[in-house]
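J.: You'll find entry.pdb just under this line, and it carries PDB, C-alpha atoms, pLDDT in the B column.
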ATOM      1  CA  MET R   1       0.000   0.000   0.000  1.00 88.00           C
ATOM      2  CA  ASP R   2       2.855   2.393   0.790  1.00 88.00           C
ATOM      3  CA  GLN R   3       4.281   1.936  -2.701  1.00 93.00           C
ATOM      4  CA  GLN R   4       0.886   2.657  -4.234  1.00 93.00           C
ATOM      5  CA  HIS R   5       0.602   5.854  -2.203  1.00 92.00           C
ATOM      6  CA  LEU R   6       4.114   6.951  -3.177  1.00 93.00           C
ATOM      7  CA  TYR R   7       3.192   6.402  -6.823  1.00 96.00           C
ATOM      8  CA  LEU R   8       0.085   8.554  -6.397  1.00 94.00           C
ATOM      9  CA  ILE R   9       2.112  11.313  -4.737  1.00 94.00           C
ATOM     10  CA  GLU R  10       4.597  11.234  -7.634  1.00 96.00           C
ATOM     11  CA  LYS R  11       1.670  11.616 -10.055  1.00 96.00           C
ATOM     12  CA  GLY R  12       0.419  14.694  -8.191  1.00 96.00           C
ATOM     13  CA  TYR R  13      -2.507  13.250  -6.263  1.00 97.00           C
ATOM     14  CA  GLU R  14      -3.237  14.757  -2.858  1.00 96.00           C
ATOM     15  CA  ILE R  15      -6.022  12.445  -1.681  1.00 97.00           C
ATOM     16  CA  VAL R  16      -6.783   8.748  -2.105  1.00 97.00           C
ATOM     17  CA  GLN R  17     -10.202   7.241  -1.448  1.00 97.00           C
ATOM     18  CA  THR R  18     -11.374   3.668  -1.034  1.00 96.00           C
ATOM     19  CA  LYS R  19     -14.583   1.856  -0.170  1.00 96.00           C
ATOM     20  CA  THR R  20     -15.200  -1.323   1.793  1.00 95.00           C
ATOM     21  CA  LYS R  21     -17.886  -3.225   3.650  1.00 94.00           C
ATOM     22  CA  ASN R  22     -18.204  -3.731   7.390  1.00 90.00           C
ATOM     23  CA  LYS R  23     -18.125  -7.515   6.831  1.00 91.00           C
ATOM     24  CA  TRP R  24     -14.562  -7.135   5.494  1.00 94.00           C
ATOM     25  CA  ARG R  25     -13.230  -5.967   8.855  1.00 94.00           C
ATOM     26  CA  GLY R  26      -9.640  -6.914   8.069  1.00 95.00           C
ATOM     27  CA  MET R  27      -9.603  -4.500   5.126  1.00 95.00           C
ATOM     28  CA  LEU R  28     -11.370  -1.827   7.174  1.00 95.00           C
ATOM     29  CA  LEU R  29      -8.794  -2.132   9.975  1.00 96.00           C
ATOM     30  CA  LEU R  30      -5.870  -2.164   7.539  1.00 95.00           C
ATOM     31  CA  ASN R  31      -7.102   1.059   5.953  1.00 96.00           C
ATOM     32  CA  ILE R  32      -7.636   2.765   9.315  1.00 96.00           C
ATOM     33  CA  LYS R  33      -4.185   1.674  10.547  1.00 96.00           C
ATOM     34  CA  SER R  34      -2.737   3.042   7.284  1.00 94.00           C
ATOM     35  CA  GLY R  35      -4.077   6.529   7.985  1.00 95.00           C
ATOM     36  CA  PHE R  36      -7.471   6.484   6.295  1.00 97.00           C
ATOM     37  CA  ASP R  37     -10.430   8.259   7.895  1.00 98.00           C
ATOM     38  CA  VAL R  38     -14.045   7.169   7.544  1.00 97.00           C
ATOM     39  CA  ILE R  39     -15.746  10.025   5.704  1.00 98.00           C
ATOM     40  CA  GLY R  40     -19.142   8.517   5.003  1.00 98.00           C
ATOM     41  CA  THR R  41     -21.360   5.589   4.162  1.00 97.00           C
ATOM     42  CA  TYR R  42     -23.891   4.724   1.493  1.00 97.00           C
ATOM     43  CA  THR R  43     -26.037   1.832   0.345  1.00 96.00           C
ATOM     44  CA  ASP R  44     -25.134   0.281  -2.999  1.00 93.00           C
ATOM     45  CA  LYS R  45     -27.533  -0.827  -5.758  1.00 94.00           C
ATOM     46  CA  VAL R  46     -28.173  -4.206  -4.134  1.00 93.00           C
ATOM     47  CA  GLY R  47     -28.844  -2.724  -0.696  1.00 94.00           C
ATOM     48  CA  GLU R  48     -25.489  -3.418   0.947  1.00 94.00           C
ATOM     49  CA  PRO R  49     -23.980  -0.688   3.129  1.00 96.00           C
ATOM     50  CA  LYS R  50     -20.521   0.552   2.110  1.00 97.00           C
ATOM     51  CA  ILE R  51     -17.964   2.577   4.064  1.00 97.00           C
ATOM     52  CA  ILE R  52     -16.049   5.372   2.318  1.00 98.00           C
ATOM     53  CA  LEU R  53     -12.510   6.037   3.557  1.00 98.00           C
ATOM     54  CA  GLU R  54     -10.116   8.794   2.563  1.00 98.00           C
ATOM     55  CA  LYS R  55      -6.459   9.615   3.199  1.00 97.00           C
ATOM     56  CA  ARG R  56      -4.566  12.824   2.504  1.00 97.00           C
ATOM     57  CA  LEU R  57      -1.257  11.942   0.893  1.00 96.00           C
TER      58      LEU R  57
END
If you convert what's in this file into structure tokens, what do you get?

T.:
Amino acid sequence: MDQQHLYLIEKGYEIVQTKTKNKWRGMLLLNIKSGFDVIGTYTDKVGEPKIILEKRL
């Protein structure tokens, strides 16, 4: 993940965003431990809740 973020910084990005589900707690925890903040939630087309995370690079 660090290499991906360095690549994004080199390309001029300032923010990276990702989405996950509460049932994928390992991914949610990894993102939070990597500096992402939860910025919102929404329900997808099939009715499943999603969590939106964002990190300033």

J.: Report the distance between atom CA of Leu57 of chain R and atom CA of Ile15 of chain R in Å, rounded to one decimal place.

T.: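 Atom CA of Ile15 of chain R lies at a distance of 5.4 Å from atom CA of Leu57 of chain R.
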
J.: So, counting only C-alpha atoms, which residue among R:Ile9, R:Asn31, R:Val16, R:Asn22 is closest to Glu48 of chain R?

T.: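 Of all the options, R:Asn22 lies closest to Glu48 of chain R.
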
J.: Just to confirm, what's the straight-line distance from atom CA of Ile39 of chain R to atom CA of Glu54 of chain R in Å (one decimal)?

T.: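 Taking atom CA of Ile39 of chain R as the start and atom CA of Glu54 of chain R as the end point, the length is 6.6 Å.
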
J.: Which of these, R:Leu6, R:Ile51, R:Val46, R:Met1, has the shortest distance to Lys21 of chain R once you count all atoms listed in the file?

T.: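 For Lys21 of chain R, the nearest of the candidates is R:Ile51.
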
J.: Provide the atom CA of Leu30 of chain R to atom CA of Tyr13 of chain R distance in Å, to one decimal place.

T.: 21.0 Å

J.: So that I can see what lies close to segment 17-19 of chain R, please list as a ChimeraX atom specification the residues with an atom at most 10 Å from it, counting all atoms listed in the file and leaving out residues fewer than 6 positions away in the same chain.

T.: /R:27-28,31,36-42,50-56

J.: Could those residues be written to a file, using C-alpha atoms, as a JSON list (two decimals), in the frame of the given file?

T.:
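What follows is the written file again_3.json:
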[["chain", "number", "residue", "atom", "x", "y", "z"],
["R", 27, "MET", "CA", -9.60, -4.50, 5.13],
["R", 28, "LEU", "CA", -11.37, -1.83, 7.17],
["R", 31, "ASN", "CA", -7.10, 1.06, 5.95],
["R", 36, "PHE", "CA", -7.47, 6.48, 6.30],
["R", 37, "ASP", "CA", -10.43, 8.26, 7.90],
["R", 38, "VAL", "CA", -14.04, 7.17, 7.54],
["R", 39, "ILE", "CA", -15.75, 10.02, 5.70],
["R", 40, "GLY", "CA", -19.14, 8.52, 5.00],
["R", 41, "THR", "CA", -21.36, 5.59, 4.16],
["R", 42, "TYR", "CA", -23.89, 4.72, 1.49],
["R", 50, "LYS", "CA", -20.52, 0.55, 2.11],
["R", 51, "ILE", "CA", -17.96, 2.58, 4.06],
["R", 52, "ILE", "CA", -16.05, 5.37, 2.32],
["R", 53, "LEU", "CA", -12.51, 6.04, 3.56],
["R", 54, "GLU", "CA", -10.12, 8.79, 2.56],
["R", 55, "LYS", "CA", -6.46, 9.62, 3.20],
["R", 56, "ARG", "CA", -4.57, 12.82, 2.50]]

J.: Selecting C-alpha atoms, how would chain R from this structure be written as a PDB file, in the first residue's frame?

T.:
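Dumped to decode09.pdb:
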ATOM      1  CA  MET R   1       0.000   0.000   0.000  1.00  0.00           C
ATOM      2  CA  ASP R   2       2.855   2.393   0.790  1.00  0.00           C
ATOM      3  CA  GLN R   3       4.281   1.936  -2.701  1.00  0.00           C
ATOM      4  CA  GLN R   4       0.886   2.657  -4.234  1.00  0.00           C
ATOM      5  CA  HIS R   5       0.602   5.854  -2.203  1.00  0.00           C
ATOM      6  CA  LEU R   6       4.114   6.951  -3.177  1.00  0.00           C
ATOM      7  CA  TYR R   7       3.192   6.402  -6.823  1.00  0.00           C
ATOM      8  CA  LEU R   8       0.085   8.554  -6.397  1.00  0.00           C
ATOM      9  CA  ILE R   9       2.112  11.313  -4.737  1.00  0.00           C
ATOM     10  CA  GLU R  10       4.597  11.234  -7.634  1.00  0.00           C
ATOM     11  CA  LYS R  11       1.670  11.616 -10.055  1.00  0.00           C
ATOM     12  CA  GLY R  12       0.419  14.694  -8.191  1.00  0.00           C
ATOM     13  CA  TYR R  13      -2.507  13.250  -6.263  1.00  0.00           C
ATOM     14  CA  GLU R  14      -3.237  14.757  -2.858  1.00  0.00           C
ATOM     15  CA  ILE R  15      -6.022  12.445  -1.681  1.00  0.00           C
ATOM     16  CA  VAL R  16      -6.783   8.748  -2.105  1.00  0.00           C
ATOM     17  CA  GLN R  17     -10.202   7.241  -1.448  1.00  0.00           C
ATOM     18  CA  THR R  18     -11.374   3.668  -1.034  1.00  0.00           C
ATOM     19  CA  LYS R  19     -14.583   1.856  -0.170  1.00  0.00           C
ATOM     20  CA  THR R  20     -15.200  -1.323   1.793  1.00  0.00           C
ATOM     21  CA  LYS R  21     -17.886  -3.225   3.650  1.00  0.00           C
ATOM     22  CA  ASN R  22     -18.204  -3.731   7.390  1.00  0.00           C
ATOM     23  CA  LYS R  23     -18.125  -7.515   6.831  1.00  0.00           C
ATOM     24  CA  TRP R  24     -14.562  -7.135   5.494  1.00  0.00           C
ATOM     25  CA  ARG R  25     -13.230  -5.967   8.855  1.00  0.00           C
ATOM     26  CA  GLY R  26      -9.640  -6.914   8.069  1.00  0.00           C
ATOM     27  CA  MET R  27      -9.603  -4.500   5.126  1.00  0.00           C
ATOM     28  CA  LEU R  28     -11.370  -1.827   7.174  1.00  0.00           C
ATOM     29  CA  LEU R  29      -8.794  -2.132   9.975  1.00  0.00           C
ATOM     30  CA  LEU R  30      -5.870  -2.164   7.539  1.00  0.00           C
ATOM     31  CA  ASN R  31      -7.102   1.059   5.953  1.00  0.00           C
ATOM     32  CA  ILE R  32      -7.636   2.765   9.315  1.00  0.00           C
ATOM     33  CA  LYS R  33      -4.185   1.674  10.547  1.00  0.00           C
ATOM     34  CA  SER R  34      -2.737   3.042   7.284  1.00  0.00           C
ATOM     35  CA  GLY R  35      -4.077   6.529   7.985  1.00  0.00           C
ATOM     36  CA  PHE R  36      -7.471   6.484   6.295  1.00  0.00           C
ATOM     37  CA  ASP R  37     -10.430   8.259   7.895  1.00  0.00           C
ATOM     38  CA  VAL R  38     -14.045   7.169   7.544  1.00  0.00           C
ATOM     39  CA  ILE R  39     -15.746  10.025   5.704  1.00  0.00           C
ATOM     40  CA  GLY R  40     -19.142   8.517   5.003  1.00  0.00           C
ATOM     41  CA  THR R  41     -21.360   5.589   4.162  1.00  0.00           C
ATOM     42  CA  TYR R  42     -23.891   4.724   1.493  1.00  0.00           C
ATOM     43  CA  THR R  43     -26.037   1.832   0.345  1.00  0.00           C
ATOM     44  CA  ASP R  44     -25.134   0.281  -2.999  1.00  0.00           C
ATOM     45  CA  LYS R  45     -27.533  -0.827  -5.758  1.00  0.00           C
ATOM     46  CA  VAL R  46     -28.173  -4.206  -4.134  1.00  0.00           C
ATOM     47  CA  GLY R  47     -28.844  -2.724  -0.696  1.00  0.00           C
ATOM     48  CA  GLU R  48     -25.489  -3.418   0.947  1.00  0.00           C
ATOM     49  CA  PRO R  49     -23.980  -0.688   3.129  1.00  0.00           C
ATOM     50  CA  LYS R  50     -20.521   0.552   2.110  1.00  0.00           C
ATOM     51  CA  ILE R  51     -17.964   2.577   4.064  1.00  0.00           C
ATOM     52  CA  ILE R  52     -16.049   5.372   2.318  1.00  0.00           C
ATOM     53  CA  LEU R  53     -12.510   6.037   3.557  1.00  0.00           C
ATOM     54  CA  GLU R  54     -10.116   8.794   2.563  1.00  0.00           C
ATOM     55  CA  LYS R  55      -6.459   9.615   3.199  1.00  0.00           C
ATOM     56  CA  ARG R  56      -4.566  12.824   2.504  1.00  0.00           C
ATOM     57  CA  LEU R  57      -1.257  11.942   0.893  1.00  0.00           C
TER      58      LEU R  57
END
